[in-house]
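Notes follow the structure.
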Amino acid sequence: MAYQIKKAAVIGSGTMGGGIAALLAGVGIPVVLLDIPAPDTTPNDPPAKRNAIVLDNLKKLQKSRPAQFFTASDVERVTTGNIEDDLELLADVDWVIEVIIEKLPIKQDLMAKLESVVKEGTIVTTNTSGLSIAAICEGRSESFKRHFLGTHFFNPPRYLKLLEIIPHPQTDPSLVQFMVDFGTNVLGKGCVICKDTPNFIANRFISIIGSFGINYAIDHGYTVEEVDAITGPLIGHPSTATFRLMDLVGIDVNVYVAQNLYEAIPDDPYRELLKHEGTQRIWDFLMSNKFLGRKTGQGFYKTGKDENGERIFMPLNLQTLEYDMPTKVRFDSVGEARKIEDTGERIKFMINAEDHAGQYLWHLHAMLFSYASQKLGEIADTIVDIDNANKWGFAYELGPFEIWDAVGVADVLPRMEADGYVVPEWVKEMLGSGHPTFYQRDEHGVVVGYYDPTKKGYVPYDRGPKVMVIADLKAHGKTVDQLAGASLVDLGDGVLLLEFHTKANALDQDIMMMAQKALERLQTDFDGLVITNDGQNFSVGANLMLLVMAAMAGEWAQVNEFIKAGQDVMQALRAAPKPVVTAPFNRALGGGAEITMTGAKVVAHVETYIGLVEFGVGLIPAWTGTKELMRRIINPVMEASPHEDVLPVLQRVFETIATAKVAESAMQARELGFLRPTDRIVMNRDHLLATAKQECINLMPTYQPTLPGKIWAAGRDAYAALRLGAWSLKEAGYATEYDIFIANKLAYILTGGGLSEPQWVDEQYILDLEREVFMELAQNEKTMARIQHMLERGKPLRN
């Protein structure tokens, strides 16, 4: 049958259930959110009382940070109720997701109730993290079973990429493919198909390998800080590393998962890792004292303050079970490894290091390789699914088989076996039959296949038509021009890519120079331009260190030239004779926001956090950002009604810049004016580049450039009103005296330099004001103190 999801329901409104409901509402799907009725209530009680549990959870969801809803208005798509009185609300839904307590009889009872109310063909799924999918639907009709499967989201559902799809033997195969497509394209997830085995893929790995890592640390005298220092970004893992991650997830959750998994895998020879005596002693200590991690203020780390009142994190001593003062962890091998840019090469270096850090990482990875290779076929059919589940579930850069390739499959095999780590026969057979790696690469180093033990050879690796990888294009010789900080890459079909690759993609002279070259190539060789990259952030803005260095040298003329050059590049991109499409993602701050707004069209990933944040370092947006928000927000109002009161929209622009407001999603960026209604939002980050390229192609046939126009300058009366508003913030204690000084300078620009009368002015007039004020502020010692504080500490100074 043909499946569709136009309306959904979530049963269970806790952290996970509410998060799933928020995600669905955010992509435009109406959601029914049900939970149990409040205790000691009856169906005759008012809904506010009867549904207190779901309503309270929904309020918490709206207030949660990071935000679970893309915009505040998403909650309007959520209808609440309870599972005793309101199951009839499910009669017309297309998908029901169960997210209730992990007790099999309770889930089975709910399935019986659902079958009695949902329409024929309704998709019903469970978000269980480890119970048997087949067991949950046991006793249901054949039709119900065909439309039932597991859909295991990771918390928080909005942010974590992995979605495990778990069919059981009677699940309709076409439904499995539909859910993969829906999860990938509509929800923006990375979907993997798992076998119906305990804890599926990701949680199985984090439980077994995580337990091994802790056990090894206890047995060999490693400290909490030492383990976290070497199991984070050094090996391509998040900064939460090992013990910080345990605190983040919750000690109680870790213990619960380990206990359940132990009972569920009696035939797994590695289950005893979950009952290690030394580790159990620590769990008992933490649980008995209710030291449950971040939610209670202490777990493996305890939050405290040093003698200066600065917040510190005191690690738990794994031997004494007391909290120690934090120390600086140093390993010679780690210092050397940090010089290696490639993560795979860095891991290879570390597992061969002979010091304490090297020994730990060797054994951790040897166990990882062994377990992954032994579980292939049992918990997943392909090495790709195992790798992706680990990467997408925990934000790792590389999966187990990718790492094994990087360090050399054959190179480490003898050492693994010598140290007692099992290597299954299929791996040896792979090597012996002339397949030296798990992933097959072409002559350019690009992955084109992966090893399938059942086929005894490589099978094609296809990312799909919506995925483009810049590194692969460059490997195939598509680089057109390159500097240290930026490149031009041929995307094909007449589309050129401007890629940033500075640290944090901060904008510098290389990027400006390459942007100018891109504009030149549009005149001769290409029909459109896309601006994006594959870094962690689109761009965090201008390189502030350049400003500090110029200030120390007194080279203010050079600073002025740099700002003017930036303005010219931004204006030229917006007025380019051929379409320019910008594709931001993650952080697009300051200059990153300004270059985003140059696009004839923006294709933004849903998780785009964009804002003009210069105020926080004592500056104002001077690369067309101030002018652009005026053009986008003030101009339309005054063009539609010349006698309209300009103050409300003027204040909106003023507040957005003066509070350094950053959008919490691409949808919110649209509300703030950084994106237009015609700009496109993409749910799946992997699809961003290909989508941006296609949008650029779509614009080509009839494209007309946007030429500089006029900007409404509200004049001195509006200037006075903005100054009064700023003064009131200071009087109320919300702003420092220097904040108000900067705010007044911003008001000066927004009103046209205090023109005597409101009027339309050229864009260049506002740009000149931007640059004038920027240069004045940059030379103020308080602004320079703010910049240096940000560079040194990563947070704003309120002086």
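Residue numbering restarts at 1 in every chain; chains get A, B, ... in the order shown in the structure tokens, and ligands count up from 1 in that same order.
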
So that I can see what lies close to A:Ile166, please list as a CSV table (one decimal) with N, CA, C and O atoms, in the first residue's frame the residues with an atom at most 12 Å from it, counting only C-alpha atoms and leaving out residues fewer than 4 positions away in the same chain.
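Done, and the output landed in part.csv:
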chain,number,residue,atom,x,y,z
A,125,THR,N,4.3,2.6,15.7
A,125,THR,CA,5.7,2.3,16.1
A,125,THR,C,6.0,2.5,17.5
A,125,THR,O,5.2,3.2,18.2
A,126,THR,N,7.0,1.8,18.0
A,126,THR,CA,7.5,2.0,19.4
A,126,THR,C,8.8,2.6,19.4
A,126,THR,O,9.7,2.4,18.6
A,127,ASN,N,9.0,3.5,20.4
A,127,ASN,CA,10.3,4.1,20.6
A,127,ASN,C,11.2,3.4,21.6
A,127,ASN,O,12.1,3.9,22.2
A,128,THR,N,10.8,2.1,21.9
A,128,THR,CA,11.6,1.4,22.9
A,128,THR,C,13.1,1.5,22.6
A,128,THR,O,13.5,1.4,21.4
A,129,SER,N,13.9,1.5,23.6
A,129,SER,CA,15.3,1.6,23.5
A,129,SER,C,16.0,0.2,23.5
A,129,SER,O,17.2,0.1,23.3
A,130,GLY,N,15.1,-0.9,23.7
A,130,GLY,CA,15.8,-2.2,23.7
A,130,GLY,C,14.9,-3.4,23.8
A,130,GLY,O,15.3,-4.5,23.7
A,131,LEU,N,13.6,-3.2,24.1
A,131,LEU,CA,12.7,-4.3,24.2
A,131,LEU,C,12.4,-4.9,22.8
A,131,LEU,O,12.6,-4.2,21.8
A,132,SER,N,12.0,-6.2,22.8
A,132,SER,CA,11.8,-6.8,21.5
A,132,SER,C,10.6,-6.2,20.8
A,132,SER,O,9.5,-6.1,21.3
A,133,ILE,N,10.8,-5.9,19.5
A,133,ILE,CA,9.8,-5.3,18.7
A,133,ILE,C,8.7,-6.3,18.5
A,133,ILE,O,7.5,-6.1,18.6
A,134,ALA,N,9.1,-7.6,18.2
A,134,ALA,CA,8.1,-8.6,17.9
A,134,ALA,C,7.3,-8.9,19.2
A,134,ALA,O,6.1,-9.2,19.1
A,148,PHE,N,3.5,-2.4,11.9
A,148,PHE,CA,4.2,-2.1,13.2
A,148,PHE,C,5.7,-2.3,13.1
A,148,PHE,O,6.2,-3.3,12.5
A,149,LEU,N,6.5,-1.5,13.7
A,149,LEU,CA,7.9,-1.6,13.7
A,149,LEU,C,8.5,-0.7,14.8
A,149,LEU,O,7.7,0.1,15.5
A,150,GLY,N,9.8,-0.7,15.0
A,150,GLY,CA,10.4,0.2,16.0
A,150,GLY,C,11.0,1.4,15.3
A,150,GLY,O,11.6,1.3,14.2
A,151,THR,N,10.8,2.6,15.9
A,151,THR,CA,11.5,3.8,15.4
A,151,THR,C,12.1,4.4,16.7
A,151,THR,O,11.5,5.1,17.4
A,152,HIS,N,13.4,4.2,16.8
A,152,HIS,CA,14.1,4.6,18.0
A,152,HIS,C,14.8,5.9,17.8
A,152,HIS,O,15.9,5.9,17.2
A,153,PHE,N,14.3,7.0,18.3
A,153,PHE,CA,14.9,8.3,18.3
A,153,PHE,C,15.9,8.4,19.4
A,153,PHE,O,15.9,7.7,20.4
A,170,GLN,N,7.4,-9.8,10.5
A,170,GLN,CA,6.1,-9.6,9.8
A,170,GLN,C,5.9,-8.1,9.3
A,170,GLN,O,4.9,-7.8,8.7
A,171,THR,N,6.9,-7.2,9.5
A,171,THR,CA,6.7,-5.9,9.1
A,171,THR,C,6.7,-5.8,7.6
A,171,THR,O,7.5,-6.4,6.9
A,172,ASP,N,5.8,-5.0,7.0
A,172,ASP,CA,5.7,-4.8,5.5
A,172,ASP,C,7.1,-4.2,5.1
A,172,ASP,O,7.4,-3.1,5.5
A,173,PRO,N,7.8,-4.9,4.2
A,173,PRO,CA,9.1,-4.3,3.7
A,173,PRO,C,8.9,-2.9,3.1
A,173,PRO,O,9.8,-2.1,3.2
A,175,LEU,N,6.9,-0.6,4.1
A,175,LEU,CA,6.8,0.3,5.2
A,175,LEU,C,8.2,0.7,5.7
A,175,LEU,O,8.4,1.8,6.1
A,176,VAL,N,9.0,-0.3,5.8
A,176,VAL,CA,10.4,-0.1,6.3
A,176,VAL,C,11.1,1.0,5.4
A,176,VAL,O,11.7,1.9,5.9
A,177,GLN,N,11.0,0.8,4.1
A,177,GLN,CA,11.6,1.8,3.1
A,177,GLN,C,10.9,3.1,3.2
A,177,GLN,O,11.6,4.2,3.2
A,179,MET,N,9.5,4.4,5.9
A,179,MET,CA,10.0,5.1,7.1
A,179,MET,C,11.4,5.6,7.0
A,179,MET,O,11.7,6.7,7.6
A,180,VAL,N,12.3,4.9,6.3
A,180,VAL,CA,13.6,5.4,6.1
A,180,VAL,C,13.6,6.6,5.2
A,180,VAL,O,14.2,7.6,5.6
A,191,CYS,N,19.1,7.5,9.0
A,191,CYS,CA,18.3,6.3,9.4
A,191,CYS,C,19.2,5.1,9.2
A,191,CYS,O,19.9,4.9,8.1
A,192,VAL,N,19.2,4.1,10.1
A,192,VAL,CA,19.8,2.9,9.9
A,192,VAL,C,18.8,1.8,10.3
A,192,VAL,O,18.0,1.9,11.1
A,193,ILE,N,18.9,0.7,9.5
A,193,ILE,CA,18.0,-0.5,9.8
A,193,ILE,C,18.7,-1.4,10.7
A,193,ILE,O,19.8,-1.9,10.4
A,194,CYS,N,18.1,-1.7,11.8
A,194,CYS,CA,18.6,-2.6,12.8
A,194,CYS,C,17.9,-3.9,12.9
A,194,CYS,O,16.7,-4.0,12.5
A,195,LYS,N,18.6,-5.0,13.4
A,195,LYS,CA,18.0,-6.2,13.7
A,195,LYS,C,17.2,-6.0,15.0
A,195,LYS,O,17.5,-5.2,15.9
A,196,ASP,N,16.2,-6.9,15.2
A,196,ASP,CA,15.4,-6.8,16.5
A,196,ASP,C,16.1,-7.6,17.6
A,196,ASP,O,15.8,-8.7,18.0
A,197,THR,N,17.2,-6.9,18.0
A,197,THR,CA,18.0,-7.5,19.1
A,197,THR,C,18.2,-6.5,20.2
A,197,THR,O,17.9,-5.3,20.0
A,198,PRO,N,18.5,-6.9,21.5
A,198,PRO,CA,18.5,-6.0,22.6
A,198,PRO,C,19.3,-4.7,22.4
A,198,PRO,O,20.5,-4.8,22.0
A,199,ASN,N,18.8,-3.6,22.6
A,199,ASN,CA,19.4,-2.3,22.6
A,199,ASN,C,19.8,-1.9,21.1
A,199,ASN,O,20.5,-0.9,20.9
A,200,PHE,N,19.4,-2.8,20.2
A,200,PHE,CA,19.7,-2.5,18.8
A,200,PHE,C,21.2,-2.2,18.5
A,200,PHE,O,22.0,-3.0,18.9
A,201,ILE,N,21.5,-1.1,17.8
A,201,ILE,CA,23.0,-0.9,17.5
A,201,ILE,C,23.6,0.1,18.4
A,201,ILE,O,24.6,-0.3,19.2
A,379,ILE,N,23.3,-7.8,14.8
A,379,ILE,CA,22.6,-6.6,15.2
A,379,ILE,C,22.3,-5.7,14.0
A,379,ILE,O,21.5,-4.9,14.0
A,380,ALA,N,23.1,-5.9,12.9
A,380,ALA,CA,22.9,-5.2,11.7
A,380,ALA,C,23.5,-6.0,10.5
A,380,ALA,O,24.4,-6.8,10.7

Give me the residues near A:Met287 as a list in words, where near means some atom within 12 Å (using only C-alpha atoms) and where sequence neighbours in that chain fewer than 6 positions away do not count.
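Residues near the query, excluding close chain neighbours: Gly250, Ile251, Asp252, Val253, Asn254, Val255, Tyr256, Gln280, Arg281, Gly293, Thr296, Gln298, Gly299 and Phe300 of chain A.
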
Provide the atom CA of A:Gln319 to atom CA of A:Arg294 distance in Å, to one decimal place.
21.4 Å

So, with only C-alpha atoms as the atoms that count, which of A:Leu777, A:Met246, A:Leu755, A:Ile470 lies closest to A:Phe615?
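Using only C-alpha atoms, A:Phe615 sits closest to A:Leu777.
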
Among stretch 466-695 of chain A, which residues does DSSP mark as alpha helix (DSSP H) when it is run on the backbone? Keep the chain and numbering as in the structure and answer as a ChimeraX atom specification.
/A:470-475,509-524,544-553,556-574,591-596,625-629,635-640,647-658,666-672,688-695
